[in-house]
Amino acid sequence: MKFNISYMIYMSSPASIRPYLTMHIGGTVNKIEHIQQKEDLIRLLESYGDTLFILGGGSNTLFSDIHHDLTIGKIDIPGINTVHENTDTITLEIGTGVSWDQLVAHAVRHGYQGIEALSAIPGSVGATPIQNVGAYGSEIRDVLVHVHVYDRDKKEFTDIQNKDCSFGYRDSLFKHIPGRFVVTSITLTLKKMNPTDQTPIPSYKGVTEKLSEKGIETPSLSDIRNTIIEIRKTKLPDPKLIPNSGSFFKNPRLSKEAGVRFIQQFPKAPYFIEPDGLYKIPAGWLLEQTGFKGFPGPVGTYEHNALVVINRGGNFHDLTTLVTKIQNAIKEKYNIMLEIEPNIIM
Ligand SMILES: Cc1cc2nc3c(=O)[nH]c(=O)nc-3n(C[C@H](O)[C@H](O)[C@H](O)COP(=O)(O)OP(=O)(O)OC[C@H]3O[C@@H](n4cnc5c(N)ncnc54)[C@H](O)[C@@H]3O)c2cc1C
């Protein structure tokens with residue numbers, strides 16, 4: 001009897017969310033459950049209903065320090081399967097628990113081109129369509145065919161085609177109706193590299209410079225992947241060593257009028273004109289110019305990249321204090337309100 005009571009107490013004690021988040025900040029949740037197949041998801045939804053919160057690798061999610069009346073459904077669905085193949089392309093269906101970078105490594109190893117520029121992005125395959133992950137000119141939307149989801153409102157599995165995902169810069173349909181769709185697999189089409197094919201080189205100065213430094217004129221997919229991994233190591237701390245969530249703020253995108261005004265006022269500011277005519281200003285530059293590179297404190301910014309907020313042993317209050325300070329300073333100096341990239345569960 002005694003054993004049973006202590007067992008029940010053990011089973012119902014809250015679980016810390018911190019070990020599941022790369023920022024290592026956050027309070028507790030009711031329980032952590034693992035989803036290895038679609039049936040697990042249905043079972044957990046029956047048990048926990050709306051309180052089931054879906055999590056991948058936790059590299060883009062922050063929780064406040066309170067107790068959250070939520071059960072975490074950690075997506076661990078495995079599998080990389082070929083659904084279609086011809087001489088030029090291959091279509092893969094990938095379980096959303098697969099680590100994104102493992103998938104990139106798999107693609108590069110097999111000579112499948114299209115996601116090599118997205119090397120070394122932490123987290124799961126399942127989260128990539130949520131914010132339309134991107135780096136070095138590539139985004140998941142460039143190769144995604146469809147996502148297979150469970151629609152929690154309609155209580156059914158369905159496919160959502162790329163064109164219906166409303167992808168934008170670090171944005172998608174899924175961000176606007178959070179929690180409704182649980183992605184259980186994604187389907188991508190990649191190009192099969194033939195021996196005579198030239199690997200596309202991301203048109204980023206850093207990448208081309210690094211390749212020429214290494215004396216590589218016609219890079220292979222592995223050369224692109226390795227070069228990007230090397231560059232990222234200099235800019236982004238390993239969350240296992242220094243807890244962080246990657247770039248903390250989105251790059252602001254200004255209308256043409258506002259962009260022109262901004263450049264006239266701050267002629268030294270770097271900017272990119274996007275295909276839709278918007279002016280993208282690097283948020284990292286704004287932070288650096290405002291004195292936030294290597295900002296000290298229990299939660300501060302990385303010494304090599306002002307855009308990365310790092311946790312040196314602080315809590316959620318330290319985080320929000322810093323973020324508000326940064327947002328206010330940038331607003332005052334540049335009249336730009338920085339938008340936060342990670343998802344925050346208050
Ligand atoms: C060092 C570092 C570098 C980074 N670099 C980049 C970069 O270059 N480009 C970039 O875009 N991002 C980058 N990120 C951010 C992050 O890695 C990506 O957004 C990644 O896709 C998040 O994956 P995750 O599994 O950790 O997501 P999580 O944090 O677990 O989840 C993110 C959101 O997606 C939801 N979600 C997760 N899985 C599912 C699912 N299967 N179905 C439905 N909803 C789901 C969660 O509920 C949450 O709202 C970086 C982060 C770090 C720490």
# chains A, B, ... in the order shown; residues from 1 in each chain; ligands from 1
call {"tool": "residues_near_ligand", "arguments": {"ligand": "ligand 1", "cutoff": "6 Å", "atoms": "only C-alpha atoms and all ligand atoms", "output": "JSON, numbers by chain"}}
result
{"A": [54, 55, 56, 57, 58, 59, 60, 61, 75, 96, 121, 122, 123, 124, 126, 127, 128, 130, 133, 134, 135, 181, 182, 183, 184, 236, 237, 238, 239, 244, 245, 246, 343]}
call {"tool": "residues_around", "arguments": {"residues": "A:Asp69", "least_positions_apart": "2", "cutoff": "12 Å", "atoms": "only C-alpha atoms", "output": "list in words"}}
result
Pro14, Ala15, Ile17, Gly27, Thr28, Val29, Asn30, Lys31, Ile32, Tyr48, Gly49, Asp50, Thr51, Leu52, Phe53, Phe63, Ile66, His67, Thr71, Ile72, Ile345 and Met346 of chain A
call {"tool": "select_by_dssp", "arguments": {"residues": "stretch 8-164 of chain A", "states": "helix (DSSP H, G or I)", "output": "PyMOL selection string"}}
result
chain A and resi 8-12+18-20+38-51+100-110+116-118+125-127+140-142+162-164
call {"tool": "select_by_dssp", "arguments": {"residues": "stretch 86-119 of chain A", "states": "strand (DSSP E or B)", "output": "CSV table (one decimal) with N, CA, C and O atoms, in the first residue's frame"}}
result
chain,number,residue,atom,x,y,z
A,89,THR,N,15.2,13.2,-59.9
A,89,THR,CA,14.7,13.6,-58.6
A,89,THR,C,14.4,12.4,-57.7
A,89,THR,O,14.1,11.3,-58.2
A,90,ILE,N,14.3,12.7,-56.4
A,90,ILE,CA,13.9,11.7,-55.5
A,90,ILE,C,12.9,12.4,-54.5
A,90,ILE,O,13.1,13.5,-54.1
A,91,THR,N,11.8,11.7,-54.2
A,91,THR,CA,10.9,12.2,-53.2
A,91,THR,C,10.9,11.4,-52.0
A,91,THR,O,10.7,10.1,-52.1
A,92,LEU,N,11.2,12.0,-50.9
A,92,LEU,CA,11.3,11.3,-49.6
A,92,LEU,C,10.2,11.7,-48.6
A,92,LEU,O,9.8,12.9,-48.6
A,93,GLU,N,9.7,10.7,-47.9
A,93,GLU,CA,8.8,11.0,-46.8
A,93,GLU,C,9.5,10.8,-45.5
A,93,GLU,O,10.1,9.7,-45.3
A,94,ILE,N,9.5,11.8,-44.6
A,94,ILE,CA,10.4,11.7,-43.4
A,94,ILE,C,9.5,11.9,-42.2
A,94,ILE,O,8.7,12.8,-42.1
A,95,GLY,N,9.7,11.0,-41.2
A,95,GLY,CA,9.0,11.0,-39.9
A,95,GLY,C,9.5,12.3,-39.2
A,95,GLY,O,10.7,12.7,-39.3
A,99,SER,N,16.0,13.9,-36.7
A,99,SER,CA,16.7,15.2,-36.5
A,99,SER,C,16.9,15.8,-37.9
A,99,SER,O,17.3,15.1,-38.8
A,112,TYR,N,21.8,13.9,-52.9
A,112,TYR,CA,20.5,14.6,-53.2
A,112,TYR,C,20.6,16.1,-52.8
A,112,TYR,O,21.0,16.4,-51.7
A,113,GLN,N,20.4,16.9,-53.8
A,113,GLN,CA,20.7,18.3,-53.7
A,113,GLN,C,19.4,19.1,-53.3
A,113,GLN,O,18.3,18.8,-53.8
call {"tool": "atom_distance", "arguments": {"atom1": "atom CA of A:Tyr150", "atom2": "atom CA of A:Arg18"}}
result
26.7 Å
call {"tool": "decode", "arguments": {"residues": "stretch 150-161 of chain A", "atoms": "N, CA, C and O atoms", "output": "compact mmCIF listing (two decimals), in the first residue's frame"}}
result
# COMPACT_ATOMS: atom_id res chain seq x y z
N TYR A 150 -2.09 15.77 -38.39
CA TYR A 150 -3.35 15.45 -37.73
C TYR A 150 -4.01 16.78 -37.41
O TYR A 150 -3.41 17.64 -36.75
N ASP A 151 -5.23 16.96 -37.91
CA ASP A 151 -5.98 18.20 -37.67
C ASP A 151 -6.78 17.99 -36.38
O ASP A 151 -7.72 17.19 -36.34
N ARG A 152 -6.37 18.71 -35.33
CA ARG A 152 -7.00 18.49 -34.02
C ARG A 152 -8.43 19.03 -33.98
O ARG A 152 -9.21 18.62 -33.13
N ASP A 153 -8.77 19.96 -34.86
CA ASP A 153 -10.15 20.46 -34.90
C ASP A 153 -11.07 19.46 -35.59
O ASP A 153 -12.13 19.11 -35.10
N LYS A 154 -10.61 18.99 -36.76
CA LYS A 154 -11.47 18.08 -37.54
C LYS A 154 -11.30 16.62 -37.13
O LYS A 154 -12.02 15.75 -37.61
N LYS A 155 -10.29 16.38 -36.27
CA LYS A 155 -10.00 15.03 -35.78
C LYS A 155 -9.75 14.05 -36.93
O LYS A 155 -10.36 12.98 -37.01
N GLU A 156 -8.86 14.45 -37.83
CA GLU A 156 -8.53 13.55 -38.95
C GLU A 156 -7.12 13.84 -39.47
O GLU A 156 -6.61 14.96 -39.32
N PHE A 157 -6.52 12.81 -40.07
CA PHE A 157 -5.23 13.00 -40.73
C PHE A 157 -5.48 13.52 -42.13
O PHE A 157 -6.43 13.11 -42.80
N THR A 158 -4.62 14.42 -42.58
CA THR A 158 -4.77 14.97 -43.92
C THR A 158 -3.41 15.48 -44.42
O THR A 158 -2.48 15.64 -43.63
N ASP A 159 -3.31 15.71 -45.73
CA ASP A 159 -2.10 16.32 -46.29
C ASP A 159 -2.35 17.80 -46.52
O ASP A 159 -3.44 18.18 -46.98
N ILE A 160 -1.36 18.63 -46.24
CA ILE A 160 -1.46 20.05 -46.61
C ILE A 160 -0.35 20.31 -47.63
O ILE A 160 0.83 20.09 -47.34
N GLN A 161 -0.76 20.73 -48.82
CA GLN A 161 0.20 20.96 -49.91
C GLN A 161 1.00 22.22 -49.64
O GLN A 161 0.53 23.15 -48.96
